[in-house]
Each structure stands twice: as C-alpha cells, then as structure tokens.
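Data file: final26.cif. Format and content: mmCIF, C-alpha atoms and all ligand atoms.
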data_model
#
loop_
_atom_site.label_atom_id
_atom_site.label_comp_id
_atom_site.auth_asym_id
_atom_site.auth_seq_id
_atom_site.Cartn_x
_atom_site.Cartn_y
_atom_site.Cartn_z
CA MET S 1 -5.30 -17.71 -20.18
CA ALA S 2 -3.22 -19.53 -17.60
CA VAL S 3 -2.48 -16.67 -15.27
CA ALA S 4 -4.60 -15.40 -12.43
CA SER S 5 -6.38 -12.13 -13.05
CA LEU S 6 -6.20 -9.18 -10.71
CA THR S 7 -9.08 -6.82 -11.36
CA ILE S 8 -8.53 -3.30 -10.10
CA ASP S 9 -11.52 -1.01 -9.72
CA LEU S 10 -10.20 2.51 -10.30
CA ASP S 11 -13.59 4.01 -9.49
CA ALA S 12 -13.45 2.39 -6.04
CA LEU S 13 -9.90 3.74 -5.64
CA THR S 14 -10.94 7.29 -6.43
CA ALA S 15 -14.11 6.96 -4.31
CA ASN S 16 -11.87 6.03 -1.37
CA TRP S 17 -9.59 9.00 -2.06
CA ARG S 18 -12.58 11.37 -2.21
CA ALA S 19 -14.07 9.95 0.99
CA LEU S 20 -10.77 10.34 2.86
CA ASP S 21 -10.44 13.83 1.39
CA ARG S 22 -13.90 14.71 2.73
CA ALA S 23 -12.96 13.32 6.15
CA SER S 24 -10.73 16.32 6.80
CA ALA S 25 -11.55 20.02 6.87
CA SER S 26 -11.81 21.87 3.57
CA GLY S 27 -8.43 23.60 3.83
CA VAL S 28 -6.58 20.29 4.26
CA GLN S 29 -4.93 18.82 1.16
CA THR S 30 -5.13 15.05 0.60
CA ALA S 31 -2.16 13.39 -1.09
CA GLY S 32 -1.91 9.83 -2.37
CA VAL S 33 0.76 7.40 -1.16
CA VAL S 34 1.76 5.26 -4.12
CA LYS S 35 5.03 3.63 -3.04
CA ALA S 36 5.79 0.01 -3.99
CA ASP S 37 4.12 0.27 -7.40
CA GLY S 38 0.95 1.77 -5.98
CA TYR S 39 0.76 -0.89 -3.23
CA GLY S 40 1.23 -3.56 -5.89
CA LEU S 41 -1.64 -2.46 -8.12
CA GLY S 42 0.34 -0.69 -10.86
CA VAL S 43 1.57 2.84 -10.23
CA GLY S 44 0.72 4.27 -13.68
CA PRO S 45 -3.03 3.60 -13.71
CA VAL S 46 -3.27 4.34 -9.98
CA VAL S 47 -1.69 7.82 -10.15
CA ARG S 48 -3.52 8.77 -13.34
CA ALA S 49 -6.86 7.89 -11.71
CA LEU S 50 -6.00 9.73 -8.48
CA ALA S 51 -4.76 12.81 -10.35
CA HIS S 52 -7.96 12.83 -12.38
CA ALA S 53 -9.94 12.71 -9.13
CA GLY S 54 -8.05 15.76 -7.89
CA ALA S 55 -4.92 14.54 -6.09
CA ARG S 56 -2.06 17.01 -6.62
CA ARG S 57 0.63 15.41 -4.51
CA PHE S 58 2.04 11.90 -4.31
CA PHE S 59 4.41 10.17 -1.91
CA VAL S 60 6.84 7.42 -2.88
CA ALA S 61 9.52 5.59 -0.90
CA ALA S 62 12.46 6.07 -3.27
CA ALA S 63 13.52 8.48 -5.99
CA GLU S 64 13.37 5.70 -8.60
CA GLU S 65 9.66 5.28 -7.82
CA GLY S 66 9.20 9.04 -8.11
CA VAL S 67 10.57 8.92 -11.66
CA LEU S 68 7.83 6.45 -12.62
CA VAL S 69 5.16 8.71 -11.15
CA ARG S 70 6.56 11.73 -13.01
CA LYS S 71 6.59 9.78 -16.28
CA ALA S 72 2.96 8.74 -15.74
CA LEU S 73 1.72 12.25 -14.85
CA GLY S 74 4.01 14.72 -16.58
CA PRO S 75 4.88 18.08 -15.05
CA GLY S 76 2.72 19.68 -12.37
CA PRO S 77 1.87 17.33 -9.51
CA GLN S 78 4.25 17.31 -6.57
CA ILE S 79 6.11 14.07 -5.87
CA ASN S 80 7.62 13.65 -2.40
CA VAL S 81 10.31 11.05 -1.71
CA LEU S 82 10.16 9.60 1.80
CA SER S 83 13.72 8.27 1.85
CA GLY S 84 14.91 11.82 1.26
CA HIS S 85 18.02 12.64 -0.75
CA MET S 86 20.30 9.60 -0.88
CA ALA S 87 23.76 9.51 -2.43
CA GLY S 88 23.24 9.07 -6.17
CA ASP S 89 19.71 10.54 -6.17
CA THR S 90 20.70 14.03 -7.26
CA PRO S 91 20.16 13.64 -11.04
CA LEU S 92 16.81 11.86 -10.50
CA ILE S 93 15.59 14.55 -8.11
CA ARG S 94 16.71 17.35 -10.42
CA ASP S 95 15.66 15.93 -13.79
CA HIS S 96 12.24 14.69 -12.64
CA ASP S 97 11.41 17.53 -10.25
CA LEU S 98 11.08 15.36 -7.14
CA THR S 99 10.79 16.79 -3.64
CA PRO S 100 12.88 14.82 -1.14
CA MET S 101 11.75 14.64 2.48
CA LEU S 102 15.15 15.05 4.13
CA ASN S 103 15.69 12.78 7.12
CA SER S 104 18.98 13.91 8.66
CA LEU S 105 21.44 16.76 8.77
CA ASP S 106 23.63 14.76 6.38
CA GLN S 107 20.80 14.71 3.85
CA VAL S 108 20.12 18.40 4.35
CA THR S 109 23.78 19.15 3.65
CA ARG S 110 23.82 16.92 0.58
CA HIS S 111 20.67 18.50 -0.78
CA LEU S 112 21.60 22.14 -0.21
CA GLU S 113 25.08 21.62 -1.64
CA SER S 114 24.10 19.60 -4.71
CA LEU S 115 20.78 21.28 -5.60
CA PRO S 116 20.64 24.75 -4.05
CA GLY S 117 17.19 26.28 -4.49
CA HIS S 118 15.53 22.91 -5.27
CA ALA S 119 12.36 22.19 -3.23
CA PHE S 120 12.63 19.93 -0.20
CA GLY S 121 10.74 18.95 2.93
CA ILE S 122 11.84 17.72 6.33
CA GLN S 123 10.84 14.51 8.06
CA LEU S 124 10.83 14.55 11.86
CA ASP S 125 10.87 11.60 14.23
CA THR S 126 8.24 12.14 16.92
CA GLY S 127 8.48 8.71 18.54
CA MET S 128 8.45 5.96 15.93
CA ASN S 129 12.25 5.76 15.81
CA ARG S 130 12.40 4.94 12.14
CA LEU S 131 12.90 7.92 9.82
CA GLY S 132 13.51 11.60 10.34
CA MET S 133 15.39 14.01 12.54
CA GLU S 134 15.04 13.52 16.26
CA GLU S 135 14.21 16.29 18.67
CA ALA S 136 17.77 17.22 19.65
CA GLU S 137 19.07 17.10 16.07
CA TRP S 138 16.16 19.22 14.89
CA GLU S 139 16.58 21.74 17.68
CA ALA S 140 20.16 22.32 16.59
CA ALA S 141 19.45 22.31 12.86
CA ALA S 142 16.08 24.09 12.74
CA PRO S 143 17.24 27.72 12.51
CA PHE S 144 19.47 27.03 9.53
CA VAL S 145 17.14 24.52 7.87
CA LEU S 146 14.10 26.80 8.18
CA GLU S 147 16.18 29.58 6.66
CA ALA S 148 16.64 27.39 3.57
CA GLY S 149 12.85 27.25 3.12
CA PRO S 150 11.45 23.71 3.42
CA GLU S 151 8.03 23.41 1.80
CA LEU S 152 6.72 20.77 4.22
CA LEU S 153 7.40 19.41 7.70
CA MET S 154 6.12 15.89 8.29
CA SER S 155 6.15 13.02 10.76
CA HIS S 156 4.62 9.54 10.86
CA LEU S 157 2.55 7.79 13.53
CA ALA S 158 3.61 4.35 14.78
CA CYS S 159 0.27 3.19 16.23
CA ALA S 160 -2.45 5.12 14.41
CA ASP S 161 -4.33 1.90 13.63
CA ASP S 162 -5.05 1.67 17.38
CA PRO S 163 -6.98 4.80 18.40
CA ASP S 164 -6.49 4.01 22.10
CA HIS S 165 -2.73 3.68 21.94
CA ALA S 166 -1.03 6.17 24.26
CA LEU S 167 1.77 6.89 21.77
CA ASN S 168 -0.64 8.72 19.41
CA GLU S 169 -1.06 11.67 21.73
CA VAL S 170 2.60 11.63 22.72
CA GLN S 171 3.65 11.86 19.09
CA LEU S 172 1.06 14.58 18.44
CA ALA S 173 2.43 16.67 21.33
CA ASN S 174 5.99 16.14 20.09
CA PHE S 175 5.02 17.19 16.56
CA HIS S 176 3.45 20.38 17.89
CA ALA S 177 6.50 21.11 20.02
CA MET S 178 8.83 20.61 17.05
CA THR S 179 6.82 22.55 14.45
CA ASP S 180 4.49 25.12 16.06
CA GLY S 181 5.23 28.66 15.01
CA THR S 182 7.38 27.72 12.00
CA GLY S 183 4.72 28.85 9.53
CA ILE S 184 5.60 25.87 7.28
CA ALA S 185 2.93 23.48 5.96
CA ARG S 186 2.70 20.30 8.04
CA SER S 187 1.71 16.67 7.43
CA PHE S 188 1.20 14.05 10.13
CA ALA S 189 -1.57 11.59 9.23
CA ALA S 190 -1.60 8.50 7.00
CA THR S 191 -4.84 6.48 6.73
CA GLY S 192 -4.96 5.65 10.44
CA GLY S 193 -4.16 9.22 11.45
CA ILE S 194 -6.98 10.61 9.30
CA LEU S 195 -9.40 8.38 11.21
CA LEU S 196 -8.05 9.67 14.56
CA GLY S 197 -9.72 13.00 13.81
CA PRO S 198 -9.03 16.61 12.86
CA ALA S 199 -6.37 17.21 15.53
CA TYR S 200 -4.14 14.91 13.47
CA HIS S 201 -4.79 16.38 10.02
CA PHE S 202 -2.71 19.59 9.91
CA ASP S 203 -2.31 20.90 6.31
CA LEU S 204 -1.84 17.71 4.32
CA THR S 205 -2.80 14.06 4.84
CA ARG S 206 -1.04 11.03 3.31
CA PRO S 207 -3.42 8.09 2.92
CA GLY S 208 -2.10 4.89 1.37
CA ILE S 209 -3.80 1.62 2.36
CA GLY S 210 -7.24 3.22 2.74
CA LEU S 211 -7.18 4.16 -0.95
CA TYR S 212 -6.63 0.52 -1.85
CA GLY S 213 -9.50 -0.74 0.31
CA GLY S 214 -7.60 -1.90 3.40
CA ARG S 215 -7.75 -1.59 7.16
CA PRO S 216 -7.88 0.49 9.25
CA TYR S 217 -10.30 2.26 6.87
CA GLU S 218 -13.26 -0.05 7.51
CA GLY S 219 -15.53 2.02 5.28
CA ALA S 220 -13.35 1.59 2.21
CA ALA S 221 -14.81 0.35 -1.06
CA PRO S 222 -13.07 -2.87 -2.17
CA VAL S 223 -10.61 -2.20 -4.99
CA VAL S 224 -9.14 -5.60 -5.92
CA ARG S 225 -10.49 -8.92 -6.99
CA LEU S 226 -8.14 -11.88 -7.42
CA SER S 227 -9.61 -14.62 -9.57
CA LEU S 228 -7.76 -17.84 -10.41
CA PRO S 229 -8.35 -20.12 -13.40
CA VAL S 230 -8.96 -23.82 -12.81
CA VAL S 231 -6.50 -25.80 -14.92
CA GLN S 232 -7.65 -29.32 -14.16
CA THR S 233 -9.86 -31.35 -11.84
CA ARG S 234 -9.42 -34.92 -10.64
CA LEU S 235 -11.07 -37.42 -8.36
CA VAL S 236 -8.95 -38.33 -5.35
CA ALA S 237 -9.81 -41.54 -3.51
CA ALA S 238 -10.12 -41.77 0.27
CA GLY S 239 -6.66 -42.16 1.78
CA GLU S 240 -4.81 -40.48 -1.10
CA ALA S 241 -2.79 -37.31 -0.45
CA VAL S 242 -2.66 -34.05 -2.40
CA GLY S 243 0.35 -31.83 -3.07
CA TYR S 244 3.86 -31.46 -1.70
CA SER S 245 4.70 -33.36 1.47
CA CYS S 246 1.25 -35.00 1.54
CA THR S 247 -0.10 -32.52 4.07
CA TRP S 248 -3.74 -33.18 3.14
CA VAL S 249 -5.26 -36.61 2.87
CA ALA S 250 -8.75 -37.19 1.43
CA GLN S 251 -11.17 -38.64 3.99
CA GLN S 252 -13.57 -39.64 1.22
CA LEU S 253 -13.71 -39.63 -2.55
CA SER S 254 -13.06 -35.96 -3.40
CA LEU S 255 -13.14 -33.71 -6.46
CA ILE S 256 -9.97 -31.61 -6.38
CA ALA S 257 -9.44 -28.58 -8.63
CA THR S 258 -5.88 -27.60 -9.51
CA VAL S 259 -5.83 -23.85 -9.80
CA GLN S 260 -3.25 -21.55 -11.41
CA GLY S 261 -1.82 -19.25 -8.74
CA GLY S 262 0.84 -19.90 -6.14
CA TYR S 263 3.39 -18.22 -3.93
CA ALA S 264 5.14 -16.78 -6.99
CA ASP S 265 1.93 -14.82 -7.57
CA GLY S 266 1.83 -13.56 -3.99
CA ILE S 267 -0.44 -16.27 -2.58
CA ILE S 268 1.74 -16.83 0.42
CA ARG S 269 2.51 -20.30 1.75
CA SER S 270 0.98 -19.69 5.15
CA LEU S 271 -2.38 -20.01 3.38
CA SER S 272 -1.68 -23.75 2.88
CA ASN S 273 -4.55 -25.87 4.22
CA ARG S 274 -6.18 -22.71 5.63
CA ALA S 275 -7.58 -20.41 2.96
CA THR S 276 -11.04 -20.49 1.45
CA LEU S 277 -11.68 -19.80 -2.23
CA TRP S 278 -15.08 -18.95 -3.62
CA ALA S 279 -17.00 -20.38 -6.57
CA GLY S 280 -19.46 -17.53 -6.80
CA ASP S 281 -21.06 -17.61 -3.35
CA VAL S 282 -19.95 -21.12 -2.46
CA PRO S 283 -16.87 -21.50 -0.24
CA CYS S 284 -14.28 -24.11 -1.22
CA PRO S 285 -11.33 -25.00 1.03
CA LEU S 286 -7.74 -24.81 -0.16
CA VAL S 287 -6.27 -28.24 0.56
CA GLY S 288 -2.60 -29.14 0.72
CA ARG S 289 0.39 -26.87 0.27
CA VAL S 290 0.49 -23.70 -1.78
CA SER S 291 3.19 -24.35 -4.38
CA MET S 292 5.02 -21.91 -6.66
CA ASP S 293 2.43 -21.77 -9.44
CA LEU S 294 -0.52 -23.82 -8.24
CA ILE S 295 -2.91 -24.48 -5.42
CA THR S 296 -5.40 -27.30 -4.93
CA VAL S 297 -8.98 -26.79 -3.84
CA ASP S 298 -11.66 -29.21 -2.69
CA VAL S 299 -14.70 -28.65 -4.92
CA SER S 300 -16.46 -31.93 -4.15
CA HIS S 301 -19.62 -30.21 -2.88
CA LEU S 302 -20.00 -28.22 -6.13
CA GLY S 303 -20.48 -31.39 -8.11
CA HIS S 304 -18.76 -29.83 -11.11
CA ALA S 305 -15.51 -28.14 -12.12
CA PRO S 306 -15.77 -24.35 -11.91
CA GLU S 307 -13.89 -22.25 -14.47
CA ARG S 308 -12.50 -19.85 -11.90
CA LEU S 309 -12.24 -19.46 -8.15
CA ASP S 310 -11.94 -16.13 -6.30
CA LEU S 311 -9.38 -15.66 -3.56
CA ILE S 312 -10.15 -11.97 -3.01
CA GLY S 313 -13.61 -10.82 -4.06
CA PRO S 314 -17.15 -10.10 -2.94
CA ASN S 315 -17.11 -12.91 -0.35
CA GLN S 316 -13.60 -12.46 1.03
CA THR S 317 -11.92 -9.11 1.57
CA LEU S 318 -8.20 -8.43 1.39
CA ASP S 319 -8.06 -8.15 5.18
CA GLN S 320 -10.03 -11.33 5.79
CA LEU S 321 -7.52 -13.18 3.64
CA ALA S 322 -4.63 -11.44 5.41
CA ASP S 323 -6.03 -12.61 8.76
CA VAL S 324 -6.05 -16.21 7.54
CA ALA S 325 -2.47 -15.81 6.28
CA GLY S 326 -1.34 -14.32 9.60
CA THR S 327 -0.30 -11.04 8.00
CA ILE S 328 -1.73 -7.64 7.01
CA GLY S 329 -3.42 -6.39 3.86
CA TYR S 330 -0.39 -4.21 3.04
CA GLU S 331 1.83 -7.26 2.73
CA LEU S 332 -0.60 -9.26 0.62
CA LEU S 333 -1.11 -6.35 -1.79
CA THR S 334 2.55 -5.53 -2.24
CA ARG S 335 3.38 -9.17 -2.92
CA LEU S 336 0.98 -9.44 -5.84
CA ALA S 337 3.34 -10.52 -8.58
CA PRO S 338 4.11 -8.84 -11.89
CA ARG S 339 2.90 -11.89 -13.83
CA LEU S 340 -0.70 -11.48 -12.69
CA ASP S 341 -2.95 -10.19 -15.44
CA ARG S 342 -3.87 -6.75 -14.10
CA ARG S 343 -7.17 -5.54 -15.52
CA TYR S 344 -8.33 -2.04 -14.81
CA PHE S 345 -11.83 -0.77 -15.03
CA GLY S 346 -13.33 2.60 -14.26
CA GLY S 347 -11.05 5.59 -13.87
CA PRO S 348 -10.45 8.44 -16.30
CA ARG S 349 -12.06 8.07 -19.71
CA GLY S 350 -11.32 9.72 -22.99
C1 LIG O 1 3.45 4.17 3.87
C2 LIG O 1 3.37 5.53 4.48
C3 LIG O 1 2.18 6.26 4.46
C4 LIG O 1 0.86 5.65 4.06
O1 LIG O 1 0.43 4.86 5.13
P1 LIG O 1 -0.95 4.04 5.09
O2 LIG O 1 -1.01 3.38 6.42
O3 LIG O 1 -0.81 3.06 3.98
O4 LIG O 1 -2.03 5.01 4.86
C5 LIG O 1 2.22 7.58 4.88
N1 LIG O 1 3.36 8.13 5.36
C6 LIG O 1 4.52 7.42 5.43
C7 LIG O 1 5.72 8.08 5.98
C8 LIG O 1 4.57 6.10 5.02
O5 LIG O 1 5.70 5.42 5.11
#

Translate the structure described by the file into structure tokens.
Ligand SMILES: *Cc1c(COP(=O)(O)O)cnc(C)c1O
Amino acid sequence: MAVASLTIDLDALTANWRALDRASASGVQTAGVVKADGYGLGVGPVVRALAHAGARRFFVAAAEEGVLVRKALGPGPQINVLSGHMAGDTPLIRDHDLTPMLNSLDQVTRHLESLPGHAFGIQLDTGMNRLGMEEAEWEAAAPFVLEAGPELLMSHLACADDPDHALNEVQLANFHAMTDGTGIARSFAATGGILLGPAYHFDLTRPGIGLYGGRPYEGAAPVVRLSLPVVQTRLVAAGEAVGYSCTWVAQQLSLIATVQGGYADGIIRSLSNRATLWAGDVPCPLVGRVSMDLITVDVSHLGHAPERLDLIGPNQTLDQLADVAGTIGYELLTRLAPRLDRRYFGGPRG
C-alpha cells in the first residue's frame, strides 16, 4: 500500500459529541457541524456515527453538501444549510428536505416565493460581519419574516476561541436584542461558544471542530491518526543535500527515509524542515522540502528503517502539528486529500 492511511476513531468522535452535549443544560439540543466533508474525515461515516449517538440535526455550508448528508441518513434528521437559499438551490432544498438558514432579505424573498411553506431559519449578523442579516435589515424585515414562521434564529461568534475577547459579550447582547421575545428557537454557540458557558447556549448548539478533536476543546479525545508508509531508505553522506532546492544538507552520514505523503495529501509545504514524525515513541525530524507525494525524514538515530511514521498520532496532536505549520487544526483537517486511505473504526455496529 503506497498511500498514507488516515485512521478515524468514530468512538472518539461520538464521545466528543456526547461530552459537548453534556456541557449544556438538558433542554439544549446539540447538533453536529459536518461541512467540508465532515471536516475532511468523510461525511457519510461521520454523520452515521453522530446520528447513532443521538444527533438529530446537522449543519452544512452548501446545499450540495446537504444532499450528501440526506443520502447518508435518509429521512428524519434536520439538515441546515448555512449559505441559505442560493439561486439554483431550490430543487436540492425541496427534493432533499434541507432547511436553509436565510442570510438576507433577497434570500427570504427567493425562498418564500419558490418554496412557500418549506422550513427555513434565519441567520443574523451580531458583529462578525460575515453572514446574516444586520440589525437594521432585520428590524425592517422581522415582522414579515416572523410571520412566515422561521424554525430557528441563529448567529455566529467571531472570537469565541478567546474567552476574554470583548466582542463575545457584545455579540451576545446584540443577539438578545435581535431575538428576545420572538418565541423562536435560537442557536448561537459553536465549539468555542459552548465552552464560554450556559449564557451562550440558547436552544441549540453547533459544535464542529470539537467533535473532530481540535482546539479550542482541549478536553477532546483525539479522532485522527495519520500514518505514512516508508517507501525507501538511503544513506546520505556528509555534505550531500536532500530534496528539492537542496534546503537540507547532511552534517554527517545520515539514514534518510523517503515517505509516501506530500502536499497533495494535505501535508502542507510550510512543514518543510520543521515537522517531526514519530516512529512509535521516537521523534524523527522531517528534513528538506515537502514535495507533492513524498517527504524525507532523518531516521539515523533509529538505526533501522521503520515501516511507517506517524505525523498525527499519540505523540503529536492535530493542533501541535498545526502550530508547527503556522496554521490551525481546521485547515489541516479539511486539506486531508481524497487519496488518503481512510480507515474507520468504532461507530455503529450491526
Ligand atoms: C463552521 C461553523 C460552525 C462550527 O464551528 P466550530 O468552531 O468548528 O465548532 C458553527 N456555526 C457556523 C455558522 C459555522 O460556520
């Protein structure tokens, strides 16, 4: 097998969902955010495991993603589309029973005209300035929109990963001002918002990254392991260079393992000459550039050629690797390429 294997622990995924579910009061529903192919892990197995654990509602970014969730789960669970109702979405929303979170008066008009009576929610902008109706627009539209019966009002926090950020409370106050007294179910918190405490939970929470084992949920169980097969090893003499552009030069006779896995697999180039891989519990430095399909690793101190090296695993979390790469766990996960051999264990049986 000459592709890297991505092992996905569905029991850890559902344990994270249950723990985040328990973090809010008993009347609060916990959804699962599964946009971008379940944060790169494979939306089918992810939603089936979460549904089996008790999740009844899922959020995706686009209607096309919602169709995949519906096909994996069948009728029943609610599927909310964060981009709302875009031109061309009508047949997807209708045929697959998706619930668009409408972001503007234009979208409200499109939805009510094309699918009268079809469920929808409203997304409000409380300070992030990204998606949703702003205060003035909402004030004007609210009487008529509320009359049409939205099933959910939601907003999203810009800085929830920083509990001390002043914008959290500002957004919370804005959300109250825009939604108090409507009698409609409300959703405000993603993973970071859940950790800010019950004032942020409202009726429904929307965790994503915490389910997959990432920050800011420090208590998360690790879900992924990325293990790369060693294709070849060679001795490199002192003074010889390794890889593109000769960015690493051996200071002494070195044993270099050439490992299958490169930027086309989602191992981003900023890891060149910086990342550490693990042979069991022994750290081994990545040397030279990350190329499209391969990386090179100094295994001199092992004294032998290992069969595999871990890039994400028991000794290096997703976020630790993201720190080395100068990015965040979300980006590393969602770049994990289709060609990786995804292996699932745990999850629903029988
Ligand atoms: C991505 C997203 C989420 C999930 O956020 P996490 O930080 O991954 O928990 C929730 N709500 C909205 C609107 C999002 O875009």

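What separates CA of Leu13 (chain S) from CA of Pro45 (chain S) is a distance of 10.6 Å.
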
Practice prompt. May I ask which of the residues S:Ile79, S:Ile184, S:Ala190, S:Val236 is the closest one to Ser254 (chain S), counting all atoms listed in the file?
Written response: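 Closest to Ser254 (chain S), using all atoms listed in the file: S:Val236.
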
Discussion item. Can you pull out the residues contacting region 48-61 of chain S? Cut-off 7 Å, using only C-alpha atoms, and skip same-chain residues under 6 positions away; I want them as a PyMOL selection string.
Written reply: chain S and resi 10+14+30-35+72-73+77-83+347-348

Worksheet entry | d(CA of Gly213 (chain S), CA of Ala12 (chain S)) in Å |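 Computing the Euclidean distance for CA of Gly213 (chain S) and CA of Ala12 (chain S) yields 8.1 Å.
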
Fill in: Exercise answer, 10 Å around ligand LIG 1 (chain O) with all atoms listed in the file, as number ranges by chain
S: 31-36, 39, 59-61, 81-83, 101, 123, 130-132, 154-161, 187-194, 205-212, 214-217, 329-330

Fill in: Counting only C-alpha atoms, the option among S:Gln316, S:Trp17, S:Ala241, S:Arg308 closest to Arg289 (chain S)
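Checking each of S:Gln316, S:Trp17, S:Ala241, S:Arg308 against Arg289 (chain S), counting only C-alpha atoms, the winner is S:Ala241.
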
Worksheet item: What lies within 6 Å of region 293-300 of chain S using all atoms listed in the file, ignoring chain neighbours under 4 positions off, as a ChimeraX atom specification?
Response: /S:254-262,284-287

Worksheet item: Between CA of Asp341 (chain S) and CA of Leu309 (chain S), what is the spacing in Å?
Response: 15.0 Å

Response to the item:
Using all atoms listed in the file, the residue out of S:Asp162, S:Asp265, S:Asp37, S:Asp21 with shortest distance to Leu336 (chain S) is S:Asp265

Box for region 167-184 of chain S - axis-aligned, 5 Å on each of the six sides, all listed atoms - centre and size in Å to one decimal, as JSON.
{"center_x": 3.9, "center_y": 17.9, "center_z": 15.0, "size_x": 19.9, "size_y": 32.0, "size_z": 25.4}

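The residue that comes closest to Ala4 (chain S), out of S:Leu20, S:Leu321, S:Leu332, S:Val230 and on the basis of only C-alpha atoms, is S:Val230.
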
Practice prompt. Find the residues around Asp89 (chain S) up to 10 Å (all atoms listed in the file counted), leave out those fewer than 3 positions away in its own chain, and share them as a list of chain:residue names.
Written response: S:Ala62, S:Ala63, S:Glu64, S:Gly84, S:His85, S:Met86, S:Leu92, S:Ile93, S:Arg94, S:Leu98, S:Pro100, S:His111

Worksheet item: For Ala199 (chain S), which residue out of S:Gly183, S:Asp164, S:Val28, S:Leu112 is the nearest one, using all atoms listed in the file?
Response: S:Val28

Discussion item. I'd like the neighbourhood of Thr179 (chain S) as a PyMOL selection string, where a residue qualifies if any of its atoms comes within 10 Å (using only C-alpha atoms), though same-chain residues fewer than 5 positions away should be ignored.
Written reply: chain S and resi 124+138+142+153-154+174+184-186

Worksheet item: Got a sec: who's within 10 Å of Leu105 (chain S), counting all atoms listed in the file, leaving out chain neighbours fewer than 2 positions off, as a ChimeraX atom specification?
Response: /S:102-103,107-111,122,132-133,137-138,140-142,145

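Minimum distance to Ala221 (chain S) across S:Thr327, S:Thr90, S:Thr317, S:Thr7 (counting all atoms listed in the file) occurs at S:Thr317.
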
Will you model N, CA and C atoms for region 230-253 of chain S and pass it back as a PDB file, in the coordinates of the input?
ATOM      1  N   VAL S 230      -9.114 -22.395 -13.097  1.00  0.00           N
ATOM      2  CA  VAL S 230      -8.960 -23.820 -12.810  1.00  0.00           C
ATOM      3  C   VAL S 230      -8.329 -24.487 -14.027  1.00  0.00           C
ATOM      4  N   VAL S 231      -7.216 -25.171 -13.809  1.00  0.00           N
ATOM      5  CA  VAL S 231      -6.500 -25.800 -14.920  1.00  0.00           C
ATOM      6  C   VAL S 231      -7.013 -27.215 -15.157  1.00  0.00           C
ATOM      7  N   GLN S 232      -7.351 -27.897 -14.068  1.00  0.00           N
ATOM      8  CA  GLN S 232      -7.650 -29.320 -14.160  1.00  0.00           C
ATOM      9  C   GLN S 232      -8.421 -29.734 -12.914  1.00  0.00           C
ATOM     10  N   THR S 233      -9.279 -30.762 -13.052  1.00  0.00           N
ATOM     11  CA  THR S 233      -9.860 -31.350 -11.840  1.00  0.00           C
ATOM     12  C   THR S 233      -9.628 -32.852 -11.868  1.00  0.00           C
ATOM     13  N   ARG S 234      -9.591 -33.462 -10.696  1.00  0.00           N
ATOM     14  CA  ARG S 234      -9.420 -34.920 -10.640  1.00  0.00           C
ATOM     15  C   ARG S 234     -10.153 -35.465  -9.426  1.00  0.00           C
ATOM     16  N   LEU S 235     -10.494 -36.730  -9.518  1.00  0.00           N
ATOM     17  CA  LEU S 235     -11.070 -37.420  -8.360  1.00  0.00           C
ATOM     18  C   LEU S 235      -9.926 -38.015  -7.549  1.00  0.00           C
ATOM     19  N   VAL S 236      -9.977 -37.804  -6.245  1.00  0.00           N
ATOM     20  CA  VAL S 236      -8.950 -38.330  -5.350  1.00  0.00           C
ATOM     21  C   VAL S 236      -9.646 -39.299  -4.389  1.00  0.00           C
ATOM     22  N   ALA S 237      -9.159 -40.521  -4.346  1.00  0.00           N
ATOM     23  CA  ALA S 237      -9.810 -41.540  -3.510  1.00  0.00           C
ATOM     24  C   ALA S 237      -9.481 -41.323  -2.039  1.00  0.00           C
ATOM     25  N   ALA S 238     -10.372 -41.827  -1.177  1.00  0.00           N
ATOM     26  CA  ALA S 238     -10.120 -41.770   0.270  1.00  0.00           C
ATOM     27  C   ALA S 238      -8.763 -42.377   0.575  1.00  0.00           C
ATOM     28  N   GLY S 239      -7.979 -41.658   1.403  1.00  0.00           N
ATOM     29  CA  GLY S 239      -6.660 -42.160   1.780  1.00  0.00           C
ATOM     30  C   GLY S 239      -5.543 -41.643   0.908  1.00  0.00           C
ATOM     31  N   GLU S 240      -5.855 -41.055  -0.244  1.00  0.00           N
ATOM     32  CA  GLU S 240      -4.810 -40.480  -1.100  1.00  0.00           C
ATOM     33  C   GLU S 240      -4.491 -39.050  -0.639  1.00  0.00           C
ATOM     34  N   ALA S 241      -3.239 -38.643  -0.880  1.00  0.00           N
ATOM     35  CA  ALA S 241      -2.790 -37.310  -0.450  1.00  0.00           C
ATOM     36  C   ALA S 241      -2.713 -36.376  -1.645  1.00  0.00           C
ATOM     37  N   VAL S 242      -2.724 -35.084  -1.358  1.00  0.00           N
ATOM     38  CA  VAL S 242      -2.660 -34.050  -2.400  1.00  0.00           C
ATOM     39  C   VAL S 242      -1.501 -33.105  -2.110  1.00  0.00           C
ATOM     40  N   GLY S 243      -0.670 -32.891  -3.119  1.00  0.00           N
ATOM     41  CA  GLY S 243       0.350 -31.830  -3.070  1.00  0.00           C
ATOM     42  C   GLY S 243       1.624 -32.225  -2.353  1.00  0.00           C
ATOM     43  N   TYR S 244       2.539 -31.255  -2.322  1.00  0.00           N
ATOM     44  CA  TYR S 244       3.860 -31.460  -1.700  1.00  0.00           C
ATOM     45  C   TYR S 244       3.725 -31.912  -0.262  1.00  0.00           C
ATOM     46  N   SER S 245       4.549 -32.872   0.090  1.00  0.00           N
ATOM     47  CA  SER S 245       4.700 -33.360   1.470  1.00  0.00           C
ATOM     48  C   SER S 245       3.434 -34.015   2.028  1.00  0.00           C
ATOM     49  N   CYS S 246       2.455 -34.260   1.129  1.00  0.00           N
ATOM     50  CA  CYS S 246       1.250 -35.000   1.540  1.00  0.00           C
ATOM     51  C   CYS S 246       0.607 -34.448   2.797  1.00  0.00           C
ATOM     52  N   THR S 247       0.437 -33.112   2.842  1.00  0.00           N
ATOM     53  CA  THR S 247      -0.100 -32.520   4.070  1.00  0.00           C
ATOM     54  C   THR S 247      -1.614 -32.615   4.171  1.00  0.00           C
ATOM     55  N   TRP S 248      -2.270 -32.999   3.088  1.00  0.00           N
ATOM     56  CA  TRP S 248      -3.740 -33.180   3.140  1.00  0.00           C
ATOM     57  C   TRP S 248      -4.083 -34.542   2.562  1.00  0.00           C
ATOM     58  N   VAL S 249      -4.877 -35.273   3.295  1.00  0.00           N
ATOM     59  CA  VAL S 249      -5.260 -36.610   2.870  1.00  0.00           C
ATOM     60  C   VAL S 249      -6.791 -36.661   2.771  1.00  0.00           C
ATOM     61  N   ALA S 250      -7.296 -37.125   1.633  1.00  0.00           N
ATOM     62  CA  ALA S 250      -8.750 -37.190   1.430  1.00  0.00           C
ATOM     63  C   ALA S 250      -9.369 -38.184   2.413  1.00  0.00           C
ATOM     64  N   GLN S 251     -10.449 -37.754   3.076  1.00  0.00           N
ATOM     65  CA  GLN S 251     -11.170 -38.640   3.990  1.00  0.00           C
ATOM     66  C   GLN S 251     -12.229 -39.445   3.242  1.00  0.00           C
ATOM     67  N   GLN S 252     -12.581 -38.962   2.058  1.00  0.00           N
ATOM     68  CA  GLN S 252     -13.570 -39.640   1.220  1.00  0.00           C
ATOM     69  C   GLN S 252     -13.248 -39.310  -0.216  1.00  0.00           C
ATOM     70  N   LEU S 253     -13.917 -39.945  -1.141  1.00  0.00           N
ATOM     71  CA  LEU S 253     -13.710 -39.630  -2.550  1.00  0.00           C
ATOM     72  C   LEU S 253     -13.955 -38.134  -2.757  1.00  0.00           C
TER      73      LEU S 253
END
